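**Q** Take this structure, written in structure tokens, and hold onto it; I'll ask about it next.
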There are 2 protein chains.
Amino acid sequence: MEFDLIERIRRHTEVNRDDVVEGIGDDAAIVAVPSGRELAIAVDTLVEGVHFPAGTAPADIGWKALAVNLSDLAAMGATPAWALLALTTPDGDEAFFDGLARGFAELATPYRLALVGGDTTRGPLTVTVAVHGFTAPGEALLRSGARVGDVVMVTGTLGDAAAGLRCLAEPDASAYAALVERLNRPTPRVSAGQALRGIATACIDVSDGLVADLGHICAASGVGADIDAEMLPRSSALLTHFADADALDFALAGGDDYELCFTVPADRAGEVGATLARLGCGAARVGRIVEDAGVRVFDARGNLYEPARAGWNHFAA
Amino acid sequence: MEFDLIERIRRHTEVNRDDVVEGIGDDAAIVAVPSGRELAIAVDTLVEGVHFPAGTAPADIGWKALAVNLSDLAAMGATPAWALLALTTPDGDEAFFDGLARGFAELATPYRLALVGGDTTRGPLTVTVAVHGFTAPGEALLRSGARVGDVVMVTGTLGDAAAGLRCLAEPDASAYAALVERLNRPTPRVSAGQALRGIATACIDVSDGLVADLGHICAASGVGADIDAEMLPRSSALLTHFADADALDFALAGGDDYELCFTVPADRAGEVGATLARLGCGAARVGRIVEDAGVRVFDARGNLYEPARAGWNHFAA
């Protein structure tokens, strides 16, 4: 059974790459890293009822399982190459596998990412993906390089996914399709991450909420950060459907956005903003790196602001 | 929480390797494949109640989750290097994580395998490990190279793990400790796989049962195989506790043994047997590769024998 299911997924996701020596079908895949390149590797699991609600479309599950992993590669500035997929499901419904494979392939194909191996087992619905990408030695974007005086920037808009999750509880979620789409089909900022190589001093993807994830950069770099609440980029969909205070809390502490949060020397912020605008996602200055440990948020009058939620804990939030 | 748990596991499993540029703690790990080496990568998931019974000791879960993956590298003849660990658990009990990390480390350390990344999520208990190992170009042991006239061999003994699973249902399982140990702490045949490079024409690990897994070699190679039932290597523990017919069925169709099944040209079988005896696991000739597709089993009188169970389907068996 195992081989058949992975084979079914492979047919949807077929990509020919010279660096895949042996793909799906043996005990392990054999791949070749180009000379002069190092390998970035990451793994993330999505669990039904924790990372996506029961009833999520299979294609959305397949997309998101890959997206959260490509987002990790994006945060390193790496170029995606290969993935492994480990799928646990309570039943072997063909339509489910086809849908999941289709969603996975929709995102994988433009990156020429090859699915080279996998495992399918019976059990509660969870999807684990491991991704592999290339970086040049010394070029990977780490969390540890932020320096006092750097500007803190974020791509795209924040808070949409958390707002989309809230909207799913509404009687007619279709009115909030743009927000729900951001929850179910996050866009990993792969090209933005690549453009930040050699410029950003630190980078992370926003999976747990801006305050929590920027806190990881600060802890790894031995610095702190001050955020200006009114500078946070928020979508018109978010501001249309939610009161300003809710929209702010989603932007500060909502998870699942998969935007990049990064730091750059102050004199390069303008250049970075222009570059990422050309790549379609844009990047907004939201704060600055300071000496005092921790992340503080200030409102428009310069008063300390306490987000309602300290961090994203998925459905437990 | 995520980082703390993976950090806890890392402390148990710390291995210094020059080829780990960035280990646990960033969005992805950065590793370097030695020049002239290709990468073998595989992923396998264990689900509670499917691949191990509820109540299995955490250290045994940690060991087995790595063992089944190292067994995939062994079947390719690859040298283990790095692993990723994705753990989903219903609660965050420290003793559980320490136990799981200890079992994982007990197996990882002798191979100098480094845990370079991971993910912990809340949900039903499942453990997914992805492993990475090195092979030289053209040296990996594939399933597709078996030729008519080759001898079929297996390492170690077959059927113990399936017998051990049966014994768990007994009132006093301690009487069958040797068999239960084989179920909970399988030994991946890593050095045996490496020794077979350049000699074995095809190789697979026995996870689903000998007949099923040898069937994969036959299908990939476009050949068939005839097995002599009385040649199957069976442990004294198995033969002590089970009637001959049961022991035979366990050896033919029981899964979870993680021995290697491989094919070699007939004139090299003696040399291979001697080499693997020196490595401690030994290797027995159990049959031969023939033209007719499929796997047939013959009893001592040369009659076709039908195993009671067609293949291992974990607890559904």
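Ordering of the structure tokens sets the chain letters (A, B, ...); residue numbers start at 1 within each chain; ligands are numbered from 1 in the order shown.
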Quick one: residues within 12 Å of B:Pro188, only C-alpha atoms counted, chain neighbours fewer than 5 positions away excluded, as a CSV table (one decimal) with N, CA and C atoms, in the first residue's frame?

**A**
chain,number,residue,atom,x,y,z
B,63,TRP,N,14.6,4.7,20.3
B,63,TRP,CA,15.5,3.8,19.6
B,63,TRP,C,14.9,3.3,18.3
B,64,LYS,N,13.7,2.8,18.4
B,64,LYS,CA,13.1,2.2,17.2
B,64,LYS,C,12.8,3.2,16.1
B,65,ALA,N,12.4,4.5,16.5
B,65,ALA,CA,12.1,5.5,15.4
B,65,ALA,C,13.4,5.8,14.6
B,66,LEU,N,14.6,5.7,15.3
B,66,LEU,CA,15.8,5.9,14.5
B,66,LEU,C,16.2,4.6,13.8
B,67,ALA,N,16.0,3.5,14.5
B,67,ALA,CA,16.5,2.2,13.9
B,67,ALA,C,15.8,1.9,12.6
B,68,VAL,N,14.5,2.1,12.5
B,68,VAL,CA,13.8,1.8,11.2
B,68,VAL,C,14.4,2.7,10.1
B,69,ASN,N,14.8,3.9,10.4
B,69,ASN,CA,15.4,4.8,9.4
B,69,ASN,C,16.8,4.4,9.1
B,70,LEU,N,17.6,4.1,10.1
B,70,LEU,CA,19.0,3.6,9.8
B,70,LEU,C,19.0,2.4,9.0
B,71,SER,N,17.9,1.6,9.2
B,71,SER,CA,17.8,0.3,8.4
B,71,SER,C,17.6,0.6,6.9
B,72,ASP,N,16.9,1.7,6.6
B,72,ASP,CA,16.8,2.2,5.2
B,72,ASP,C,18.1,2.6,4.7
B,73,LEU,N,18.9,3.3,5.5
B,73,LEU,CA,20.3,3.6,5.0
B,73,LEU,C,21.1,2.4,4.8
B,74,ALA,N,21.0,1.4,5.8
B,74,ALA,CA,21.7,0.2,5.7
B,74,ALA,C,21.4,-0.5,4.4
B,75,ALA,N,20.2,-0.5,4.0
B,75,ALA,CA,19.7,-1.2,2.8
B,75,ALA,C,20.3,-0.6,1.5
B,76,MET,N,20.8,0.7,1.6
B,76,MET,CA,21.4,1.3,0.5
B,76,MET,C,22.9,1.2,0.6
B,77,GLY,N,23.4,0.7,1.7
B,77,GLY,CA,24.9,0.7,1.9
B,77,GLY,C,25.5,2.0,2.3
B,78,ALA,N,24.6,2.9,2.8
B,78,ALA,CA,25.1,4.3,3.1
B,78,ALA,C,25.6,4.4,4.5
B,79,THR,N,26.4,5.5,4.7
B,79,THR,CA,27.0,5.8,6.0
B,79,THR,C,26.2,6.9,6.7
B,80,PRO,N,25.6,6.6,7.9
B,80,PRO,CA,24.7,7.6,8.5
B,80,PRO,C,25.5,8.9,8.9
B,107,LEU,N,21.3,4.7,20.2
B,107,LEU,CA,21.6,4.2,18.9
B,107,LEU,C,22.4,5.1,18.0
B,108,ALA,N,22.1,6.4,18.2
B,108,ALA,CA,22.8,7.4,17.3
B,108,ALA,C,24.3,7.6,17.6
B,111,TYR,N,27.1,5.6,15.9
B,111,TYR,CA,27.2,6.0,14.5
B,111,TYR,C,27.7,7.4,14.3
B,155,THR,N,20.5,-11.4,6.5
B,155,THR,CA,21.3,-11.3,7.7
B,155,THR,C,20.5,-11.8,8.9
B,156,GLY,N,21.2,-12.1,10.0
B,156,GLY,CA,20.6,-12.4,11.3
B,156,GLY,C,19.6,-13.5,11.3
B,182,ARG,N,13.8,-7.9,20.5
B,182,ARG,CA,13.9,-7.8,19.0
B,182,ARG,C,12.8,-6.9,18.4
B,193,GLY,N,25.4,-3.6,5.5
B,193,GLY,CA,25.1,-2.9,4.3
B,193,GLY,C,26.3,-2.3,3.6
B,194,GLN,N,27.1,-1.6,4.4
B,194,GLN,CA,28.4,-1.0,3.9
B,194,GLN,C,29.3,-2.1,3.3
B,204,ILE,N,17.4,-4.9,0.2
B,204,ILE,CA,16.2,-4.3,0.9
B,204,ILE,C,16.3,-4.6,2.3
B,205,ASP,N,15.6,-3.8,3.2
B,205,ASP,CA,15.5,-4.2,4.6
B,205,ASP,C,14.2,-4.9,4.8
B,206,VAL,N,14.1,-5.9,5.7
B,206,VAL,CA,12.9,-6.6,5.9
B,206,VAL,C,12.0,-6.0,6.9
B,207,SER,N,11.1,-5.1,6.5
B,207,SER,CA,10.3,-4.4,7.4
B,207,SER,C,8.8,-5.0,7.3
B,256,ASP,N,9.0,-6.2,10.8
B,256,ASP,CA,9.7,-5.5,11.9
B,256,ASP,C,11.0,-6.1,12.2
B,257,ASP,N,11.6,-7.0,11.4
B,257,ASP,CA,12.9,-7.6,11.7
B,257,ASP,C,14.0,-6.7,11.4
B,258,TYR,N,13.9,-5.9,10.4
B,258,TYR,CA,15.0,-5.0,10.0
B,258,TYR,C,16.3,-5.7,9.7
B,259,GLU,N,16.2,-6.9,9.3
B,259,GLU,CA,17.4,-7.6,8.7
B,259,GLU,C,17.5,-7.1,7.2
B,260,LEU,N,18.7,-7.4,6.6
B,260,LEU,CA,18.8,-7.1,5.2
B,260,LEU,C,18.5,-8.4,4.4
B,281,CYS,N,26.6,-10.4,12.5
B,281,CYS,CA,25.2,-10.8,12.2
B,281,CYS,C,25.1,-12.0,11.4

**Q** Within 9 Å of chain A, which residues belong to chain B? Use only C-alpha atoms and report them as a ChimeraX atom specification.

**A** /B:21-22,25-33,35,37-50,71-76,84-88,116-124,126,128,130,135,137,140,142-144,203-205,220

**Q** Choose the residue, out of B:Val286, B:Ile9, B:Ala225, B:Ala266, that has the smallest atom-to-atom separation from B:Leu100; count only C-alpha atoms.

**A** B:Ile9

**Q** Write out as a PyMOL selection string all residues of stretch 46-287 of chain A that DSSP puts in strand (DSSP E or B) for this structure's backbone.

**A** chain A and resi 46-48+52+79-89+114-122+126-135+151-155+202-205+224-228+260-264+283-287

**Q** Any idea what's packed within 12 Å of B:Ala177, counting only C-alpha atoms, ignoring anything in its chain fewer than 3 positions away? Could you give it as number ranges by chain?

**A** B: 160-161, 163-165, 167-168, 170, 172-174, 180-185, 237-238, 241

**Q** Atom CA of B:Ala284 to atom CA of B:Arg189: how many Å, to one decimal?

**A** 14.2 Å

**Q** Kindly give the distance, in Å, that separates atom CA of A:Pro58 and atom CA of A:Arg11, rounded to a single decimal.

**A**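 These two atoms are separated by 16.5 Å.
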